[in-house]
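Pasted below: input02.pdb, PDB, C-alpha atoms, pLDDT in the B column.
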```pdb
ATOM      1  CA  MET A   1     278.744 -10.761-102.051  1.00 91.00           C
ATOM      2  CA  ILE A   2     280.583  -7.865-100.482  1.00 93.00           C
ATOM      3  CA  VAL A   3     282.720  -8.347 -97.376  1.00 95.00           C
ATOM      4  CA  ILE A   4     283.504  -5.179 -95.451  1.00 96.00           C
ATOM      5  CA  SER A   5     285.277  -4.242 -92.243  1.00 95.00           C
ATOM      6  CA  THR A   6     283.620  -2.384 -89.407  1.00 94.00           C
ATOM      7  CA  ARG A   7     285.792   0.591 -90.300  1.00 94.00           C
ATOM      8  CA  ASP A   8     284.519   0.574 -93.914  1.00 95.00           C
ATOM      9  CA  PHE A   9     280.964   0.225 -92.641  1.00 96.00           C
ATOM     10  CA  ARG A  10     281.257   3.195 -90.277  1.00 95.00           C
ATOM     11  CA  ALA A  11     282.686   5.346 -93.083  1.00 97.00           C
ATOM     12  CA  ASN A  12     280.040   4.353 -95.681  1.00 96.00           C
ATOM     13  CA  GLN A  13     276.954   3.143 -93.803  1.00 95.00           C
ATOM     14  CA  THR A  14     274.385   4.519 -96.244  1.00 96.00           C
ATOM     15  CA  LYS A  15     276.160   2.946 -99.229  1.00 96.00           C
ATOM     16  CA  PHE A  16     276.238  -0.522 -97.648  1.00 96.00           C
ATOM     17  CA  LEU A  17     272.692  -0.302 -96.293  1.00 94.00           C
ATOM     18  CA  ASP A  18     271.451   0.665 -99.753  1.00 95.00           C
ATOM     19  CA  LEU A  19     273.311  -2.300-101.260  1.00 94.00           C
ATOM     20  CA  ALA A  20     271.724  -4.670 -98.731  1.00 94.00           C
ATOM     21  CA  LYS A  21     268.299  -3.156 -99.408  1.00 93.00           C
ATOM     22  CA  SER A  22     268.737  -3.741-103.143  1.00 93.00           C
ATOM     23  CA  GLY A  23     269.430  -7.449-102.532  1.00 92.00           C
ATOM     24  CA  GLU A  24     273.214  -7.534-102.391  1.00 94.00           C
ATOM     25  CA  ASP A  25     274.762  -9.808 -99.751  1.00 93.00           C
ATOM     26  CA  VAL A  26     276.747  -7.554 -97.438  1.00 96.00           C
ATOM     27  CA  ILE A  27     278.917  -9.257 -94.816  1.00 96.00           C
ATOM     28  CA  LEU A  28     280.330  -7.158 -91.994  1.00 95.00           C
ATOM     29  CA  LYS A  29     283.500  -8.654 -90.478  1.00 95.00           C
ATOM     30  CA  SER A  30     284.837  -7.717 -87.085  1.00 93.00           C
ATOM     31  CA  ARG A  31     288.018  -9.136 -85.588  1.00 91.00           C
ATOM     32  CA  SER A  32     286.619  -9.082 -82.076  1.00 92.00           C
ATOM     33  CA  SER A  33     282.919  -9.847 -82.660  1.00 91.00           C
ATOM     34  CA  GLY A  34     282.806 -12.125 -85.721  1.00 93.00           C
ATOM     35  CA  SER A  35     280.824 -11.749 -88.938  1.00 95.00           C
ATOM     36  CA  PHE A  36     277.329 -10.412 -89.561  1.00 94.00           C
ATOM     37  CA  LYS A  37     275.076 -10.307 -92.610  1.00 94.00           C
ATOM     38  CA  LEU A  38     273.141  -7.108 -93.287  1.00 93.00           C
ATOM     39  CA  ILE A  39     269.527  -7.936 -94.091  1.00 90.00           C
ATOM     40  CA  PRO A  40     266.732  -5.402 -94.626  1.00 89.00           C
ATOM     41  CA  VAL A  41     263.722  -5.879 -92.360  1.00 83.00           C
ATOM     42  CA  GLU A  42     260.364  -5.727 -94.138  1.00 76.00           C
ATOM     43  CA  ASP A  43     258.016  -6.797 -91.332  1.00 61.00           C
ATOM     44  CA  GLU A  44     257.428  -4.285 -88.518  1.00 59.00           C
ATOM     45  CA  ASN A  45     257.250  -7.094 -85.925  1.00 56.00           C
ATOM     46  CA  ALA A  46     260.626  -8.409 -87.015  1.00 58.00           C
ATOM     47  CA  ALA A  47     262.146  -4.995 -86.356  1.00 55.00           C
ATOM     48  CA  GLY A  48     261.538  -5.372 -82.661  1.00 59.00           C
ATOM     49  CA  LYS A  49     258.187  -3.648 -82.486  1.00 62.00           C
ATOM     50  CA  LYS A  50     256.221  -5.096 -79.625  1.00 64.00           C
ATOM     51  CA  ARG A  51     252.986  -6.764 -80.636  1.00 65.00           C
ATOM     52  CA  ASP A  52     249.805  -5.420 -79.057  1.00 73.00           C
ATOM     53  CA  ILE A  53     248.252  -8.434 -77.342  1.00 79.00           C
ATOM     54  CA  THR A  54     245.250  -6.592 -75.929  1.00 80.00           C
ATOM     55  CA  ASP A  55     242.823  -8.254 -78.379  1.00 79.00           C
ATOM     56  CA  ASP A  56     244.233 -11.701 -77.533  1.00 81.00           C
ATOM     57  CA  ILE A  57     243.784 -11.072 -73.810  1.00 82.00           C
ATOM     58  CA  VAL A  58     240.214  -9.830 -74.274  1.00 81.00           C
ATOM     59  CA  ALA A  59     239.349 -12.919 -76.354  1.00 82.00           C
ATOM     60  CA  ALA A  60     240.853 -15.207 -73.708  1.00 82.00           C
ATOM     61  CA  LEU A  61     238.891 -13.487 -70.946  1.00 82.00           C
ATOM     62  CA  ARG A  62     235.678 -13.898 -72.963  1.00 82.00           C
ATOM     63  CA  GLN A  63     236.397 -17.611 -73.304  1.00 81.00           C
ATOM     64  CA  VAL A  64     236.870 -17.919 -69.543  1.00 80.00           C
ATOM     65  CA  ARG A  65     233.633 -15.997 -68.923  1.00 78.00           C
ATOM     66  CA  ASP A  66     231.759 -18.220 -71.389  1.00 78.00           C
ATOM     67  CA  HIS A  67     233.102 -21.335 -69.698  1.00 73.00           C
ATOM     68  CA  LEU A  68     232.058 -20.060 -66.284  1.00 72.00           C
ATOM     69  CA  ASP A  69     228.602 -19.316 -67.698  1.00 73.00           C
ATOM     70  CA  GLY A  70     228.405 -22.922 -68.933  1.00 70.00           C
ATOM     71  CA  LYS A  71     228.423 -21.963 -72.618  1.00 68.00           C
ATOM     72  CA  ILE A  72     231.504 -23.998 -73.505  1.00 65.00           C
ATOM     73  CA  LYS A  73     233.053 -27.167 -72.217  1.00 66.00           C
ATOM     74  CA  LEU A  74     236.756 -27.333 -71.391  1.00 63.00           C
ATOM     75  CA  LYS A  75     238.896 -29.561 -73.594  1.00 67.00           C
ATOM     76  CA  SER A  76     241.578 -31.927 -72.432  1.00 71.00           C
ATOM     77  CA  ALA A  77     245.139 -30.617 -72.201  1.00 69.00           C
ATOM     78  CA  GLU A  78     246.188 -32.954 -75.032  1.00 74.00           C
ATOM     79  CA  SER A  79     243.523 -31.639 -77.405  1.00 73.00           C
ATOM     80  CA  LEU A  80     244.498 -28.046 -76.587  1.00 70.00           C
ATOM     81  CA  ILE A  81     248.157 -28.807 -77.305  1.00 71.00           C
ATOM     82  CA  ASP A  82     247.215 -30.472 -80.607  1.00 73.00           C
ATOM     83  CA  GLU A  83     245.055 -27.482 -81.495  1.00 72.00           C
ATOM     84  CA  LEU A  84     247.884 -25.057 -80.752  1.00 72.00           C
ATOM     85  CA  ARG A  85     250.250 -27.097 -82.891  1.00 72.00           C
ATOM     86  CA  GLY A  86     247.739 -27.155 -85.734  1.00 69.00           C
ATOM     87  CA  ASN A  87     247.085 -30.889 -85.489  1.00 58.00           C
ATOM     88  CA  THR A  88     243.316 -30.632 -85.221  1.00 48.00           C
ATOM     89  CA  PHE A  89     241.438 -33.256 -87.168  1.00 45.00           C
TER      90      PHE A  89
END
```
Translate this file's structure into structure tokens.
Amino acid sequence: MIVISTRDFRANQTKFLDLAKSGEDVILKSRSSGSFKLIPVEDENAAGKKRDITDDIVAALRQVRDHLDGKIKLKSAESLIDELRGNTF
């Protein structure tokens, strides 16, 4: 584990980012803000990229349309909650 100051980090950002990317624990310490661990982000969604929910919305609208057409029957709120939590039997 490497513990560095914000000043060291500013002076050698690439070095410390490369160390974190290679698996080294890099801790950034700041007197005023506390400590932070540098961790590489592998997943695009974890990097703050907004997820496109268009497909989810279209699927939900189709379900509503199918219900209104009488093709499906609404479930109870409890069964929907269980289904969302993965507790379906």
Explicit residue set for the PyMOL selection byres ((chain A and resi 1) around 12), as a ChimeraX atom specification
/A:2-4,16,19-20,23-28,37-38
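Interatomic distance, CA of Arg31 (chain A) to CA of Phe9 (chain A): 13.7 Å.
We find CA of Leu80 (chain A) and CA of Val64 (chain A) to be spaced 14.5 Å apart.
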Step by step, work through what the PyMOL selection byres ((chain A and resi 40) around 6) selects in the shown file, and finish by giving those residues as a list in words.
Lys21, Ile39 and Val41 of chain A
So what do you get for CA of Asp69 (chain A) versus CA of Arg85 (chain A), distance-wise?
27.6 Å
